[in-house]
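Here the structure comes first, spelled out in structure tokens, and everything after it is commentary.
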Amino acid sequence: MRKLYFSRNSFAKGARVVRDEHNQSHYLLVGRWGRRQDALSLYAIRGELLAEIRQTTLGLLPKFELYYNRQNVGSISKTLGFWHEMIYVRKLRWIIMGSLNSETYRVYHGTELVMTMRPVVTSNGEAFELTIAEHSTEPLCICIAAILDHWQKPTNRSRSSALSSDGLQVNFGESNYTLHHKLPQN
């Protein structure tokens with residue numbers, strides 16, 4: 001099992017570099033979301049196209065087609081769920097189980113664990129840690145992780161905090177708050 005890391009929701013800033021636990025770059029994920037036929041492409045760091053995600057439908061439940069070595073190998077679409085998600089990846093017969101609250105996911109093929117995904121803080125900022133069972137499935141796992149990251153709840157997307165002289169600055173998606181602490185007067 002190898003651990004890979006990529007930054008959270010950073011397509012507005014350009015491509016994502018996928019690194020291993022030794023901070024070595026292995027993959028480059030480029031593209032954009034939002035319109036029908038938009039795509040994300042995963043390249044090996046030396047420039048070879050390995051996998052692609054193509055958005056085929058829009059709306060509340062968008063659908064994405066997965067391509068590996070230029071062949072359609074599966075599709076994934078968002079489902080309505082509350083706190084726990086279960087998503088089926090067609091053709092690959094993978095089941096994704098996870099929690100929107102903890103932002104952690106497990107991907108299975110039958111009873112075999114294919115990948116785990118969890119948020120972590122690295123020296124480069126907030127990222128997702130992918131623990132992938134087999135090297136051959138890494139490109140597809142990274143593509144699926146990018147889709148799951150894209151689908152995160154808006155309140156989980158940009159969770160960051162910084163301490164300032166006025167108080168604790170907290171950013172939850174679209175809303176910003178400043179928490180002020182009153183110190184006891186002596």
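Chain labels follow the order of the structure tokens: the first chain is A, the next B, and so on; residue numbering restarts at 1 in every chain, and ligands are counted from 1 in their shown order.
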Residues within 8 Å of Trp94 in chain A, please, as a PyMOL selection string. Count only C-alpha atoms; anything in the same chain fewer than 3 positions from it doesn't count.
chain A and resi 88-90+107-110
Do a neighbour search on Ile45 in chain A at 10 Å with only C-alpha atoms, toss out local chain neighbours closer than 6 positions, and write the hits as a list in words.
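After dropping sequence-adjacent residues, the list is Val17, Val18, Arg19, Ser25, His26, Tyr27, Leu28 and Leu29 of chain A.
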Would you save the residues from that selection as a PDB file, in the first residue's frame, using all heavy atoms?
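Saved the output as result-v1.pdb:
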ATOM      1  N   VAL A  17      -0.650  18.681  -8.043  1.00  0.00           N
ATOM      2  CA  VAL A  17       0.438  17.723  -8.096  1.00  0.00           C
ATOM      3  C   VAL A  17       0.169  16.671  -7.027  1.00  0.00           C
ATOM      4  O   VAL A  17      -0.117  17.004  -5.879  1.00  0.00           O
ATOM      5  CB  VAL A  17       1.803  18.403  -7.850  1.00  0.00           C
ATOM      6  CG1 VAL A  17       2.922  17.373  -7.816  1.00  0.00           C
ATOM      7  CG2 VAL A  17       2.060  19.463  -8.910  1.00  0.00           C
ATOM      8  N   VAL A  18       0.214  15.420  -7.407  1.00  0.00           N
ATOM      9  CA  VAL A  18      -0.008  14.319  -6.469  1.00  0.00           C
ATOM     10  C   VAL A  18       1.357  13.794  -6.055  1.00  0.00           C
ATOM     11  O   VAL A  18       2.175  13.424  -6.899  1.00  0.00           O
ATOM     12  CB  VAL A  18      -0.867  13.205  -7.105  1.00  0.00           C
ATOM     13  CG1 VAL A  18      -1.123  12.082  -6.105  1.00  0.00           C
ATOM     14  CG2 VAL A  18      -2.180  13.775  -7.621  1.00  0.00           C
ATOM     15  N   ARG A  19       1.599  13.791  -4.744  1.00  0.00           N
ATOM     16  CA  ARG A  19       2.910  13.419  -4.201  1.00  0.00           C
ATOM     17  C   ARG A  19       2.791  12.205  -3.278  1.00  0.00           C
ATOM     18  O   ARG A  19       1.713  11.910  -2.792  1.00  0.00           O
ATOM     19  CB  ARG A  19       3.492  14.584  -3.411  1.00  0.00           C
ATOM     20  CG  ARG A  19       3.621  15.867  -4.195  1.00  0.00           C
ATOM     21  CD  ARG A  19       4.094  17.018  -3.298  1.00  0.00           C
ATOM     22  NE  ARG A  19       3.960  18.299  -3.921  1.00  0.00           N
ATOM     23  CZ  ARG A  19       4.809  18.824  -4.788  1.00  0.00           C
ATOM     24  NH1 ARG A  19       5.868  18.139  -5.140  1.00  0.00           N
ATOM     25  NH2 ARG A  19       4.604  20.010  -5.299  1.00  0.00           N
ATOM     26  N   SER A  25       6.959  13.995  -6.450  1.00  0.00           N
ATOM     27  CA  SER A  25       5.834  14.166  -7.370  1.00  0.00           C
ATOM     28  C   SER A  25       5.696  12.940  -8.271  1.00  0.00           C
ATOM     29  O   SER A  25       6.680  12.467  -8.833  1.00  0.00           O
ATOM     30  CB  SER A  25       6.062  15.400  -8.239  1.00  0.00           C
ATOM     31  OG  SER A  25       6.186  16.540  -7.428  1.00  0.00           O
ATOM     32  N   HIS A  26       4.442  12.435  -8.400  1.00  0.00           N
ATOM     33  CA  HIS A  26       4.184  11.263  -9.233  1.00  0.00           C
ATOM     34  C   HIS A  26       3.168  11.512 -10.336  1.00  0.00           C
ATOM     35  O   HIS A  26       3.254  10.919 -11.402  1.00  0.00           O
ATOM     36  CB  HIS A  26       3.706  10.090  -8.373  1.00  0.00           C
ATOM     37  CG  HIS A  26       4.777   9.534  -7.502  1.00  0.00           C
ATOM     38  ND1 HIS A  26       5.693   8.615  -7.938  1.00  0.00           N
ATOM     39  CD2 HIS A  26       5.098   9.795  -6.209  1.00  0.00           C
ATOM     40  CE1 HIS A  26       6.526   8.322  -6.962  1.00  0.00           C
ATOM     41  NE2 HIS A  26       6.180   9.026  -5.895  1.00  0.00           N
ATOM     42  N   TYR A  27       2.174  12.371 -10.058  1.00  0.00           N
ATOM     43  CA  TYR A  27       1.100  12.613 -11.010  1.00  0.00           C
ATOM     44  C   TYR A  27       0.758  14.096 -11.053  1.00  0.00           C
ATOM     45  O   TYR A  27       1.004  14.824 -10.095  1.00  0.00           O
ATOM     46  CB  TYR A  27      -0.171  11.839 -10.623  1.00  0.00           C
ATOM     47  CG  TYR A  27       0.011  10.357 -10.512  1.00  0.00           C
ATOM     48  CD1 TYR A  27       0.164   9.743  -9.270  1.00  0.00           C
ATOM     49  CD2 TYR A  27       0.023   9.555 -11.648  1.00  0.00           C
ATOM     50  CE1 TYR A  27       0.317   8.370  -9.163  1.00  0.00           C
ATOM     51  CE2 TYR A  27       0.172   8.179 -11.544  1.00  0.00           C
ATOM     52  CZ  TYR A  27       0.325   7.597 -10.303  1.00  0.00           C
ATOM     53  OH  TYR A  27       0.489   6.245 -10.208  1.00  0.00           O
ATOM     54  N   LEU A  28       0.135  14.493 -12.168  1.00  0.00           N
ATOM     55  CA  LEU A  28      -0.349  15.859 -12.340  1.00  0.00           C
ATOM     56  C   LEU A  28      -1.800  15.775 -12.800  1.00  0.00           C
ATOM     57  O   LEU A  28      -2.110  15.125 -13.796  1.00  0.00           O
ATOM     58  CB  LEU A  28       0.495  16.591 -13.389  1.00  0.00           C
ATOM     59  CG  LEU A  28       0.172  18.055 -13.624  1.00  0.00           C
ATOM     60  CD1 LEU A  28       0.472  18.872 -12.367  1.00  0.00           C
ATOM     61  CD2 LEU A  28       0.987  18.571 -14.794  1.00  0.00           C
ATOM     62  N   LEU A  29      -2.712  16.418 -12.061  1.00  0.00           N
ATOM     63  CA  LEU A  29      -4.142  16.402 -12.360  1.00  0.00           C
ATOM     64  C   LEU A  29      -4.542  17.798 -12.817  1.00  0.00           C
ATOM     65  O   LEU A  29      -4.405  18.762 -12.066  1.00  0.00           O
ATOM     66  CB  LEU A  29      -4.912  16.000 -11.103  1.00  0.00           C
ATOM     67  CG  LEU A  29      -6.391  15.689 -11.211  1.00  0.00           C
ATOM     68  CD1 LEU A  29      -6.658  14.566 -12.197  1.00  0.00           C
ATOM     69  CD2 LEU A  29      -6.958  15.341  -9.848  1.00  0.00           C
TER      70      LEU A  29
END
For Thr137 in chain A, work out the shell of residues within 12 Å, counting only C-alpha atoms and skipping chain neighbours fewer than 3 positions away, then give it as a PDB file with N, CA and C atoms, in the first residue's frame.
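Heads up, here's the output in part_15.pdb:
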ATOM      1  N   MET A   1       0.830  -1.184   0.000  1.00  0.00           N
ATOM      2  CA  MET A   1       0.000   0.000   0.000  1.00  0.00           C
ATOM      3  C   MET A   1       0.873   1.244   0.000  1.00  0.00           C
ATOM      4  N   ARG A   2       0.515   2.173  -0.862  1.00  0.00           N
ATOM      5  CA  ARG A   2       1.265   3.424  -0.945  1.00  0.00           C
ATOM      6  C   ARG A   2       0.340   4.577  -0.584  1.00  0.00           C
ATOM      7  N   LEU A  50      -2.719   9.186 -18.363  1.00  0.00           N
ATOM      8  CA  LEU A  50      -3.070   7.903 -17.756  1.00  0.00           C
ATOM      9  C   LEU A  50      -4.571   7.706 -17.616  1.00  0.00           C
ATOM     10  N   ALA A  51      -5.268   8.743 -17.154  1.00  0.00           N
ATOM     11  CA  ALA A  51      -6.703   8.605 -16.887  1.00  0.00           C
ATOM     12  C   ALA A  51      -7.394   9.944 -17.083  1.00  0.00           C
ATOM     13  N   TYR A  68      -9.481   5.110 -18.569  1.00  0.00           N
ATOM     14  CA  TYR A  68      -8.143   4.641 -18.196  1.00  0.00           C
ATOM     15  C   TYR A  68      -7.489   4.128 -19.474  1.00  0.00           C
ATOM     16  N   ASN A  69      -6.322   4.635 -19.791  1.00  0.00           N
ATOM     17  CA  ASN A  69      -5.642   4.310 -21.055  1.00  0.00           C
ATOM     18  C   ASN A  69      -6.562   4.535 -22.255  1.00  0.00           C
ATOM     19  N   VAL A  73     -13.900   2.964 -18.634  1.00  0.00           N
ATOM     20  CA  VAL A  73     -13.870   1.847 -17.694  1.00  0.00           C
ATOM     21  C   VAL A  73     -14.950   1.944 -16.623  1.00  0.00           C
ATOM     22  N   LEU A  92     -16.685  -0.802 -13.053  1.00  0.00           N
ATOM     23  CA  LEU A  92     -15.596  -1.238 -12.173  1.00  0.00           C
ATOM     24  C   LEU A  92     -16.124  -2.088 -11.024  1.00  0.00           C
ATOM     25  N   TRP A  94     -17.040  -1.002  -8.104  1.00  0.00           N
ATOM     26  CA  TRP A  94     -16.477  -0.515  -6.856  1.00  0.00           C
ATOM     27  C   TRP A  94     -17.580   0.155  -6.059  1.00  0.00           C
ATOM     28  N   VAL A 107     -13.054   2.662  -0.411  1.00  0.00           N
ATOM     29  CA  VAL A 107     -13.504   2.133  -1.700  1.00  0.00           C
ATOM     30  C   VAL A 107     -13.228   0.637  -1.702  1.00  0.00           C
ATOM     31  N   TYR A 108     -14.257  -0.138  -2.047  1.00  0.00           N
ATOM     32  CA  TYR A 108     -14.154  -1.599  -2.052  1.00  0.00           C
ATOM     33  C   TYR A 108     -14.503  -2.167  -3.417  1.00  0.00           C
ATOM     34  N   HIS A 109     -13.870  -3.275  -3.750  1.00  0.00           N
ATOM     35  CA  HIS A 109     -14.278  -4.129  -4.865  1.00  0.00           C
ATOM     36  C   HIS A 109     -14.638  -5.457  -4.217  1.00  0.00           C
ATOM     37  N   LEU A 113     -10.415  -4.132  -0.054  1.00  0.00           N
ATOM     38  CA  LEU A 113     -10.228  -2.691   0.084  1.00  0.00           C
ATOM     39  C   LEU A 113      -9.337  -2.196  -1.048  1.00  0.00           C
ATOM     40  N   VAL A 114      -9.823  -1.223  -1.809  1.00  0.00           N
ATOM     41  CA  VAL A 114      -9.077  -0.653  -2.929  1.00  0.00           C
ATOM     42  C   VAL A 114      -8.338   0.600  -2.481  1.00  0.00           C
ATOM     43  N   MET A 115      -9.030   1.463  -1.711  1.00  0.00           N
ATOM     44  CA  MET A 115      -8.451   2.745  -1.323  1.00  0.00           C
ATOM     45  C   MET A 115      -9.151   3.292  -0.094  1.00  0.00           C
ATOM     46  N   LEU A 130      -4.461   9.537   0.371  1.00  0.00           N
ATOM     47  CA  LEU A 130      -5.016   8.355  -0.273  1.00  0.00           C
ATOM     48  C   LEU A 130      -4.102   7.178   0.046  1.00  0.00           C
ATOM     49  N   THR A 131      -4.656   6.140   0.614  1.00  0.00           N
ATOM     50  CA  THR A 131      -3.913   4.903   0.824  1.00  0.00           C
ATOM     51  C   THR A 131      -4.472   3.906  -0.177  1.00  0.00           C
ATOM     52  N   ILE A 132      -3.636   3.547  -1.164  1.00  0.00           N
ATOM     53  CA  ILE A 132      -4.094   2.749  -2.300  1.00  0.00           C
ATOM     54  C   ILE A 132      -3.429   1.379  -2.257  1.00  0.00           C
ATOM     55  N   ALA A 133      -4.252   0.337  -2.374  1.00  0.00           N
ATOM     56  CA  ALA A 133      -3.770  -1.037  -2.214  1.00  0.00           C
ATOM     57  C   ALA A 133      -2.833  -1.473  -3.339  1.00  0.00           C
ATOM     58  N   GLU A 134      -3.164  -1.156  -4.595  1.00  0.00           N
ATOM     59  CA  GLU A 134      -2.356  -1.629  -5.718  1.00  0.00           C
ATOM     60  C   GLU A 134      -1.923  -0.474  -6.606  1.00  0.00           C
ATOM     61  N   LEU A 140      -6.999   5.586 -11.371  1.00  0.00           N
ATOM     62  CA  LEU A 140      -8.443   5.618 -11.180  1.00  0.00           C
ATOM     63  C   LEU A 140      -8.811   6.073  -9.775  1.00  0.00           C
ATOM     64  N   CYS A 141      -8.051   5.659  -8.788  1.00  0.00           N
ATOM     65  CA  CYS A 141      -8.313   6.088  -7.407  1.00  0.00           C
ATOM     66  C   CYS A 141      -8.139   7.598  -7.258  1.00  0.00           C
ATOM     67  N   ILE A 142      -7.132   8.152  -7.890  1.00  0.00           N
ATOM     68  CA  ILE A 142      -6.911   9.605  -7.824  1.00  0.00           C
ATOM     69  C   ILE A 142      -8.069  10.338  -8.489  1.00  0.00           C
ATOM     70  N   CYS A 143      -8.540   9.834  -9.612  1.00  0.00           N
ATOM     71  CA  CYS A 143      -9.685  10.450 -10.299  1.00  0.00           C
ATOM     72  C   CYS A 143     -10.935  10.408  -9.426  1.00  0.00           C
ATOM     73  N   ILE A 144     -11.199   9.280  -8.807  1.00  0.00           N
ATOM     74  CA  ILE A 144     -12.363   9.160  -7.934  1.00  0.00           C
ATOM     75  C   ILE A 144     -12.213  10.083  -6.727  1.00  0.00           C
TER      76      ILE A 144
END
Residue neighbourhood Leu66 in chain A, 6 Å, only C-alpha atoms, exclusion window fewer than 4 positions, as JSON, numbers by chain:
{"A": [52, 53, 72, 73, 74, 75]}
Could you work out how far CA of Ile95 in chain A lies from CA of Met117 in chain A, giving the answer in Å with one decimal?
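Result for CA of Met117 in chain A versus CA of Ile95 in chain A: 13.4 Å, one decimal.
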Residues near range 56-65 of chain A, cut-off 9 Å, only C-alpha atoms, skip fewer than 6 positions along chain, as a VMD selection string
chain A and resid 34 to 39 72 to 80 147
Of the candidates A:Lys3, A:His135, A:Thr111, A:Arg70, which one gets nearest to Leu42 in chain A if we count only C-alpha atoms?
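Smallest separation from Leu42 in chain A among the options: A:Arg70.
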May I have all residues of range 55-120 of chain A that DSSP, computed from the backbone, assigns to strand (DSSP E), given as a ChimeraX atom specification?
/A:55-57,63-68,71-77,84-89,94-99,104-109,112-120
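The interatomic distance for the pair CA of Tyr67 in chain A and CA of Glu138 in chain A works out to 12.9 Å.
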Got a sec: who's within 10 Å of Gly125 in chain A, counting only C-alpha atoms, leaving out chain neighbours fewer than 4 positions off, as a list in words?
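Answer for this query is Phe6, Ser7, Arg8, Val120, Val121 and Ser160 of chain A.
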The selected residues should be written to file as a tab-separated table (two decimals), in the first residue's frame (atoms: N, CA, C and O atoms).
chain	number	residue	atom	x	y	z
A	6	PHE	N	-2.82	14.91	-2.23
A	6	PHE	CA	-3.08	16.03	-3.13
A	6	PHE	C	-3.88	17.09	-2.37
A	6	PHE	O	-4.64	16.79	-1.46
A	7	SER	N	-3.68	18.35	-2.75
A	7	SER	CA	-4.32	19.45	-2.05
A	7	SER	C	-5.81	19.47	-2.31
A	7	SER	O	-6.29	18.99	-3.34
A	8	ARG	N	-6.53	20.05	-1.38
A	8	ARG	CA	-7.99	20.08	-1.44
A	8	ARG	C	-8.47	21.21	-2.33
A	8	ARG	O	-7.99	22.32	-2.23
A	120	VAL	N	-6.03	15.48	5.74
A	120	VAL	CA	-4.87	15.66	6.61
A	120	VAL	C	-4.32	17.07	6.40
A	120	VAL	O	-4.68	17.75	5.44
A	121	VAL	N	-3.45	17.49	7.30
A	121	VAL	CA	-2.75	18.75	7.14
A	121	VAL	C	-1.28	18.40	6.90
A	121	VAL	O	-0.67	17.69	7.70
A	160	SER	N	-10.60	26.74	7.32
A	160	SER	CA	-9.30	27.22	7.74
A	160	SER	C	-9.50	28.19	8.88
A	160	SER	O	-10.52	28.83	9.02
Please identify which residues in range 30-144 of chain A DSSP calls helix (DSSP H, G or I) from the backbone, and express them as a ChimeraX atom specification.
/A:135-144
With all heavy atoms kept, could you save the residues just selected as a short mmCIF file (atom, residue, chain, number, x, y, z; two decimals), in the first residue's frame?
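Output saved as selection35.cif:
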data_model
loop_
_atom_site.label_atom_id
_atom_site.label_comp_id
_atom_site.auth_asym_id
_atom_site.auth_seq_id
_atom_site.Cartn_x
_atom_site.Cartn_y
_atom_site.Cartn_z
N HIS A 135 -0.68 -0.52 -7.02
CA HIS A 135 -0.12 0.54 -7.87
C HIS A 135 -0.92 0.70 -9.17
O HIS A 135 -1.11 1.81 -9.65
CB HIS A 135 1.35 0.22 -8.18
CG HIS A 135 2.02 1.24 -9.03
ND1 HIS A 135 2.38 2.48 -8.55
CD2 HIS A 135 2.37 1.21 -10.34
CE1 HIS A 135 2.93 3.18 -9.54
NE2 HIS A 135 2.94 2.43 -10.63
N SER A 136 -1.41 -0.39 -9.72
CA SER A 136 -2.12 -0.34 -11.00
C SER A 136 -3.44 0.43 -10.92
O SER A 136 -3.94 0.91 -11.93
CB SER A 136 -2.37 -1.74 -11.54
OG SER A 136 -3.20 -2.45 -10.65
N THR A 137 -4.03 0.55 -9.73
CA THR A 137 -5.30 1.27 -9.59
C THR A 137 -5.12 2.73 -9.19
O THR A 137 -6.11 3.45 -9.08
CB THR A 137 -6.21 0.58 -8.56
OG1 THR A 137 -5.57 0.60 -7.29
CG2 THR A 137 -6.55 -0.84 -8.97
N GLU A 138 -3.88 3.17 -8.99
CA GLU A 138 -3.65 4.55 -8.55
C GLU A 138 -4.30 5.60 -9.44
O GLU A 138 -4.97 6.50 -8.91
CB GLU A 138 -2.15 4.83 -8.40
CG GLU A 138 -1.55 4.21 -7.19
CD GLU A 138 -0.06 4.50 -7.03
OE1 GLU A 138 0.54 5.13 -7.93
OE2 GLU A 138 0.50 4.09 -6.00
N PRO A 139 -4.16 5.55 -10.76
CA PRO A 139 -4.78 6.60 -11.58
C PRO A 139 -6.29 6.70 -11.40
O PRO A 139 -6.83 7.80 -11.26
CB PRO A 139 -4.42 6.19 -13.02
CG PRO A 139 -3.16 5.41 -12.88
CD PRO A 139 -3.33 4.65 -11.59
N LEU A 140 -7.00 5.59 -11.37
CA LEU A 140 -8.44 5.62 -11.18
C LEU A 140 -8.81 6.07 -9.77
O LEU A 140 -9.79 6.82 -9.59
CB LEU A 140 -9.06 4.26 -11.47
CG LEU A 140 -9.05 3.86 -12.94
CD1 LEU A 140 -9.50 2.41 -13.11
CD2 LEU A 140 -9.93 4.79 -13.76
N CYS A 141 -8.05 5.66 -8.79
CA CYS A 141 -8.31 6.09 -7.41
C CYS A 141 -8.14 7.60 -7.26
O CYS A 141 -8.94 8.25 -6.58
CB CYS A 141 -7.39 5.35 -6.44
SG CYS A 141 -7.81 3.60 -6.23
N ILE A 142 -7.13 8.15 -7.89
CA ILE A 142 -6.91 9.60 -7.82
C ILE A 142 -8.07 10.34 -8.49
O ILE A 142 -8.56 11.35 -7.97
CB ILE A 142 -5.55 9.98 -8.46
CG1 ILE A 142 -4.41 9.41 -7.62
CG2 ILE A 142 -5.42 11.49 -8.62
CD1 ILE A 142 -3.06 9.44 -8.31
N CYS A 143 -8.54 9.83 -9.61
CA CYS A 143 -9.69 10.45 -10.30
C CYS A 143 -10.93 10.41 -9.43
O CYS A 143 -11.66 11.40 -9.31
CB CYS A 143 -9.93 9.77 -11.64
SG CYS A 143 -8.69 10.13 -12.88
N ILE A 144 -11.20 9.28 -8.81
CA ILE A 144 -12.36 9.16 -7.93
C ILE A 144 -12.21 10.08 -6.73
O ILE A 144 -13.18 10.74 -6.32
CB ILE A 144 -12.58 7.69 -7.52
CG1 ILE A 144 -13.09 6.91 -8.73
CG2 ILE A 144 -13.54 7.57 -6.34
CD1 ILE A 144 -13.16 5.42 -8.54
#
